[in-house]
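One structure is given below, encoded as structure tokens.
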Amino acid sequence: TAGRTCQASLCACPTGTLECLGVCTNVQTNKANCGACGASCGTSTCYAGTCGGENLIANGDFSDGITNWKITQADTGVTSGMLGEEYCVDLPAYAEAYFGWGDSLTSVAIAASYGYTFSYTVSTTNPLSSFTAKIGHTVKDFTVVYSTSSDKPGSTPTTFTHSFTPTYGDTGAGIAFYMYASSAGALVCYSNVSLVRH
């Protein structure tokens with residue numbers, strides 16, 4: 001069976017996993033088997049074996065169009081708007097832009113020592129020279145609670161999920177995506193942005 005190690009006709013799943021329907025499954029993060037086989041989280045995330053709560057990002061699925069979302073800083077020629085159910089940012093060659101959610105009225109509180117799961121779906125028509133997703137304070141000094149530059153958007157929509165536990169809280173946090181295009185420019189599209197506290 002997938003993922004098992006077998007010795008002398010005895011098979012066992014790796015430490016930290018359980019056998020669910022014949023497959024070794026990480027029940028700490030698998031939302032269809034969260035904490036135990038068959039314990040589904042539905043549309044919520046699974047973190048440390050517990051189903052998450054509601055999405056803290058109002059309009060994270062863009063069902064209300066651009067409400068609560070905006071380009072916060074951009075080079076000349078950058079345009080943006082809804083394309084179907086996605087919010088897309090059109091970057092000319094060598095252009096950069098910050099796309100974000102939240103301000104002093106719509107931001108969320110981040111509590112220290114709680115677990116959070118940050119997830120979003122993104123695609124780009126051409127590879128980006130630089131891409132960063134971060135959660136931080138929505139007004140100066142824009143203190144960062146969590147940041148990642150390891151995600152590499154591609155031509156097909158890809159969901160990136162990150163779990164983190166902040167060491168300090170934030171009374172008013174938002175989300176920002178930084179994009180910098182190569183010589184080809186790029187159309188970068190977002191959907192299903194969520195931040196869940198566990």
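Quick note on naming: the chains in the structure tokens go A, B, ... in the order shown, residues restart at 1 in each chain, and ligands are numbered from 1 in order of appearance.
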Original post:
Which polymer residues have any atom within 8 Å of an atom of Ser80 of chain A, counting only C-alpha atoms, with same-chain residues fewer than 6 positions away left out, as a list in words?
Top reply: Ile71, Tyr87, Cys88, Val89 and Asp90 of chain A
Could you take the residues named above and write them with N, CA and C atoms, as a PDB file, in the first residue's frame?
```pdb
ATOM      1  N   ILE A  71      -5.495  47.510  -5.855  1.00  0.00           N
ATOM      2  CA  ILE A  71      -4.077  47.680  -6.139  1.00  0.00           C
ATOM      3  C   ILE A  71      -3.602  48.788  -5.218  1.00  0.00           C
ATOM      4  N   TYR A  87      -9.839  37.691  -9.863  1.00  0.00           N
ATOM      5  CA  TYR A  87      -9.362  39.069  -9.932  1.00  0.00           C
ATOM      6  C   TYR A  87      -7.989  39.008 -10.584  1.00  0.00           C
ATOM      7  N   CYS A  88      -7.826  39.742 -11.676  1.00  0.00           N
ATOM      8  CA  CYS A  88      -6.589  39.657 -12.452  1.00  0.00           C
ATOM      9  C   CYS A  88      -5.863  40.995 -12.504  1.00  0.00           C
ATOM     10  N   VAL A  89      -4.542  40.915 -12.452  1.00  0.00           N
ATOM     11  CA  VAL A  89      -3.671  42.077 -12.534  1.00  0.00           C
ATOM     12  C   VAL A  89      -2.830  41.923 -13.794  1.00  0.00           C
ATOM     13  N   ASP A  90      -2.915  42.911 -14.692  1.00  0.00           N
ATOM     14  CA  ASP A  90      -2.187  42.887 -15.958  1.00  0.00           C
ATOM     15  C   ASP A  90      -0.922  43.733 -15.821  1.00  0.00           C
TER      16      ASP A  90
END
```
Subject >> Nearby residues (only C-alpha atoms) at most 10 Å from segment 175-182 of chain A, same-chain spacing under 5 positions excluded, as a ChimeraX atom specification >> reply: /A:57,69-75,89-103,107-108,118,124,126-138,144,146-149,187-188,190,193-195
Original post:
Contacts of Glu86 of chain A at 7 Å or less, counting only C-alpha atoms, minus same-chain residues fewer than 4 places along, as a list in words?
Top reply: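 After dropping sequence-adjacent residues, the list is Phe62, Met82, Cys189, Tyr190 and Ser191 of chain A.
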Subject >> Close residues, Ser40 of chain A itself excluded, 10 Å, only C-alpha atoms, min 4 positions apart in chain, as a VMD selection string >> reply: chain A and resid 30 to 36 44 to 46 50 to 51
May I have the selected residues written with N, CA and C atoms, as an mmCIF file, in the first residue's frame?
```
data_model
loop_
_atom_site.group_PDB
_atom_site.id
_atom_site.type_symbol
_atom_site.label_atom_id
_atom_site.label_comp_id
_atom_site.auth_asym_id
_atom_site.auth_seq_id
_atom_site.Cartn_x
_atom_site.Cartn_y
_atom_site.Cartn_z
ATOM 1 N N ASN A 30 -4.835 16.614 6.474
ATOM 2 C CA ASN A 30 -5.745 16.147 5.429
ATOM 3 C C ASN A 30 -7.186 16.477 5.805
ATOM 4 N N LYS A 31 -7.832 17.389 5.050
ATOM 5 C CA LYS A 31 -9.155 17.857 5.468
ATOM 6 C C LYS A 31 -10.255 16.810 5.272
ATOM 7 N N ALA A 32 -9.994 15.736 4.533
ATOM 8 C CA ALA A 32 -10.970 14.652 4.407
ATOM 9 C C ALA A 32 -10.825 13.639 5.542
ATOM 10 N N ASN A 33 -9.692 13.681 6.234
ATOM 11 C CA ASN A 33 -9.402 12.768 7.352
ATOM 12 C C ASN A 33 -8.661 13.568 8.428
ATOM 13 N N CYS A 34 -9.357 14.510 9.049
ATOM 14 C CA CYS A 34 -8.725 15.446 9.984
ATOM 15 C C CYS A 34 -8.779 14.931 11.416
ATOM 16 N N GLY A 35 -7.636 14.484 11.922
ATOM 17 C CA GLY A 35 -7.565 13.954 13.279
ATOM 18 C C GLY A 35 -7.867 12.469 13.355
ATOM 19 N N ALA A 36 -8.661 11.967 12.408
ATOM 20 C CA ALA A 36 -9.027 10.555 12.355
ATOM 21 C C ALA A 36 -9.524 10.241 10.949
ATOM 22 N N SER A 44 -13.683 23.589 5.133
ATOM 23 C CA SER A 44 -12.684 24.178 6.023
ATOM 24 C C SER A 44 -11.339 23.477 5.857
ATOM 25 N N THR A 45 -10.297 24.066 6.416
ATOM 26 C CA THR A 45 -8.967 23.476 6.377
ATOM 27 C C THR A 45 -8.743 22.578 7.588
ATOM 28 N N CYS A 46 -7.669 21.798 7.535
ATOM 29 C CA CYS A 46 -7.282 20.944 8.654
ATOM 30 C C CYS A 46 -5.897 21.362 9.121
ATOM 31 N N THR A 50 -7.196 19.356 13.585
ATOM 32 C CA THR A 50 -8.444 20.019 13.961
ATOM 33 C C THR A 50 -8.965 20.820 12.777
ATOM 34 N N CYS A 51 -10.262 20.725 12.526
ATOM 35 C CA CYS A 51 -10.851 21.508 11.432
ATOM 36 C C CYS A 51 -10.855 22.980 11.787
#
```
Original post:
Interatomic distance between atom CA of Asn26 of chain A and atom CA of Pro166 of chain A?
Top reply: 23.0 Å
